[in-house]
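Colleague: Attaching a single structure in structure tokens format; questions to follow.
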Amino acid sequence: MSDYTKMNLKDVENAADSFGMGDDLEARFARKALALEQFGFSYQKLRPDYRQPFGHRHESQEEVYLVLGGSGRVKVEDEILELAQWDALRVPPRTTRQFESGGNGLELLVIGGTPPGDAETLPNWWAD
């Protein structure tokens, strides 16, 4: 018998609930749920016209963000980029980023390497 794991991503806990952001954000991290060893990924959905309350960066993890639906903007260090469906954004280690959804919300598939748990959050990093 093959060694595999199958599950529905919507069955993974919405981590945003545990941080009091469940009304604005859906964040389902699948690394542990699927017992992934080489990479991780998450599904993230921002309600319309919502800016994440913090920027974040990783010390050694590279990430790719794929826009599945909606649109928005991302601040990467000092640059603000527009995002549309099927745009892919690679962010290298030690680079701060923060997302903001447009009027139709923003759905992202986020793919990261190893090691997990090296994120640093920066509250109120993107200020107008």
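Numbering starts fresh at 1 for the residues of each chain in the structure tokens, the chains themselves are lettered A, B, ... in the order given, and ligands are numbered from 1 as they appear.
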Skipping near chain neighbours, those fewer than 6 positions away, what residues fall within 7 Å of range 16-24 of chain A using only C-alpha atoms, listed as a PyMOL selection string?
Modeller: chain A and resi 46-47+50
Colleague: Pick out the residues sitting within 12 Å of Phe41 in chain A, and hand them over as a ChimeraX atom specification; count only C-alpha atoms, and ignore anything fewer than 2 positions along from it in its own chain.
Modeller: /A:9,12,27-39,43-44,62-66,108-114,116
Colleague: Could you tell me how far CA of Gly55 in chain A lies from CA of Gly40 in chain A, in Å and to one decimal?
Modeller: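 These two atoms are separated by 19.3 Å.
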Colleague: Between A:Ala15, A:Met7, A:Ile80, A:Leu106, which residue has the minimum interatomic distance to Ala127 in chain A, considering only C-alpha atoms?
Modeller: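 Answer, going by the shortest atom-to-atom distance: A:Ile80.
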Colleague: For a test of reading the model, state the distance in Å between CA of Arg73 in chain A and CA of Asp118 in chain A, rounded to one decimal.
Modeller: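 One can read the CA of Arg73 in chain A to CA of Asp118 in chain A distance as 23.9 Å.
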Colleague: Rounded to one decimal, what separation in Å do you get between CA of Phe99 in chain A and CA of Phe54 in chain A?
Modeller: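 Atom-to-atom, CA of Phe99 in chain A to CA of Phe54 in chain A, that is 8.8 Å.
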Colleague: Considering only C-alpha atoms, return as number ranges by chain whatever protein or nucleic-acid residues lie within 10 Å of Thr95 in chain A, sequence-local ones (same chain, fewer than 2 positions apart) excluded.
Modeller: A: 55-62, 76-77, 91-93, 97
Colleague: For the residues in the current selection, export C-alpha atoms as a compact mmCIF listing (two decimals), in the first residue's frame.
Modeller:
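Written output follows (again07.txt):
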```
# COMPACT_ATOMS: atom_id res chain seq x y z
CA GLY A 55 3.74 42.39 7.84
CA HIS A 56 5.92 39.33 8.12
CA ARG A 57 9.22 37.91 6.97
CA HIS A 58 11.10 34.64 7.24
CA GLU A 59 14.75 34.29 8.17
CA SER A 60 15.47 31.45 5.75
CA GLN A 61 12.25 30.47 4.01
CA GLU A 62 11.41 31.47 0.44
CA VAL A 76 7.16 44.05 -0.47
CA GLU A 77 9.75 46.02 1.50
CA VAL A 91 9.43 36.46 -1.97
CA PRO A 92 12.98 35.59 -0.85
CA PRO A 93 14.06 35.13 2.78
CA ARG A 97 5.58 41.57 2.94
```
Colleague: As a ChimeraX atom specification, please: every residue in chain A that DSSP puts in helix (DSSP H, G or I).
Modeller: /A:9-11,15-18
Colleague: Go ahead and save the picked residues with N, CA and C atoms, as a PDB file, in the first residue's frame.
Modeller:
```pdb
ATOM      1  N   LEU A   9      -8.809  20.516   2.190  1.00  0.00           N
ATOM      2  CA  LEU A   9      -8.149  21.657   2.824  1.00  0.00           C
ATOM      3  C   LEU A   9      -9.096  22.424   3.743  1.00  0.00           C
ATOM      4  N   LYS A  10     -10.381  22.425   3.443  1.00  0.00           N
ATOM      5  CA  LYS A  10     -11.346  23.138   4.288  1.00  0.00           C
ATOM      6  C   LYS A  10     -11.557  22.428   5.629  1.00  0.00           C
ATOM      7  N   ASP A  11     -11.044  21.195   5.759  1.00  0.00           N
ATOM      8  CA  ASP A  11     -11.106  20.481   7.038  1.00  0.00           C
ATOM      9  C   ASP A  11      -9.948  20.857   7.957  1.00  0.00           C
ATOM     10  N   ALA A  15      -6.593  28.937  11.136  1.00  0.00           N
ATOM     11  CA  ALA A  15      -5.695  29.506  12.140  1.00  0.00           C
ATOM     12  C   ALA A  15      -6.044  30.951  12.477  1.00  0.00           C
ATOM     13  N   ALA A  16      -6.703  31.655  11.578  1.00  0.00           N
ATOM     14  CA  ALA A  16      -7.078  33.047  11.838  1.00  0.00           C
ATOM     15  C   ALA A  16      -8.049  33.148  13.011  1.00  0.00           C
ATOM     16  N   ASP A  17      -8.870  32.121  13.209  1.00  0.00           N
ATOM     17  CA  ASP A  17      -9.813  32.131  14.333  1.00  0.00           C
ATOM     18  C   ASP A  17      -9.085  32.250  15.669  1.00  0.00           C
ATOM     19  N   SER A  18      -7.972  31.533  15.816  1.00  0.00           N
ATOM     20  CA  SER A  18      -7.255  31.528  17.094  1.00  0.00           C
ATOM     21  C   SER A  18      -6.565  32.860  17.388  1.00  0.00           C
TER      22      SER A  18
END
```
Colleague: Can you work out which one of A:Trp125, A:Asn104, A:Val74, A:Ser2 has the shortest atom-to-atom distance to Asp87 in chain A, counting only C-alpha atoms?
Modeller: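 Checking each candidate against Asp87 in chain A, we get A:Val74 as the closest.
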Colleague: Would you mind telling me which residue in A:Arg94, A:Trp126, A:Leu25, A:Gly103 lies nearest to Glu79 in chain A when using only C-alpha atoms?
Modeller: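 Distance minimum relative to Glu79 in chain A lands on A:Trp126.
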Colleague: Using only C-alpha atoms, which of the listed residues (A:Asp128, A:Glu120, A:Glu26, A:Glu100) sits closest to Ser42 in chain A?
Modeller: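 With only C-alpha atoms as the atom set, the closest residue is A:Glu26.
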Colleague: Find the residues around Gln85 in chain A up to 8 Å (only C-alpha atoms counted), leave out those fewer than 6 positions away in its own chain, and share them as a ChimeraX atom specification.
Modeller: /A:67-71
Colleague: Can those selected residues be exported to a file as a CSV table (one decimal), in the first residue's frame so that it contains N, CA and C atoms?
Modeller:
```
chain,number,residue,atom,x,y,z
A,67,VAL,N,-2.2,34.0,-6.7
A,67,VAL,CA,-3.5,34.5,-6.6
A,67,VAL,C,-4.5,33.6,-7.3
A,68,LEU,N,-5.4,33.0,-6.5
A,68,LEU,CA,-6.4,32.1,-7.0
A,68,LEU,C,-7.7,32.8,-7.4
A,69,GLY,N,-8.0,33.9,-6.7
A,69,GLY,CA,-9.2,34.7,-7.0
A,69,GLY,C,-9.1,36.0,-6.4
A,70,GLY,N,-10.0,36.9,-6.9
A,70,GLY,CA,-10.0,38.3,-6.4
A,70,GLY,C,-8.8,39.1,-6.9
A,71,SER,N,-8.5,40.1,-6.2
A,71,SER,CA,-7.3,41.0,-6.5
A,71,SER,C,-6.9,41.8,-5.2
```
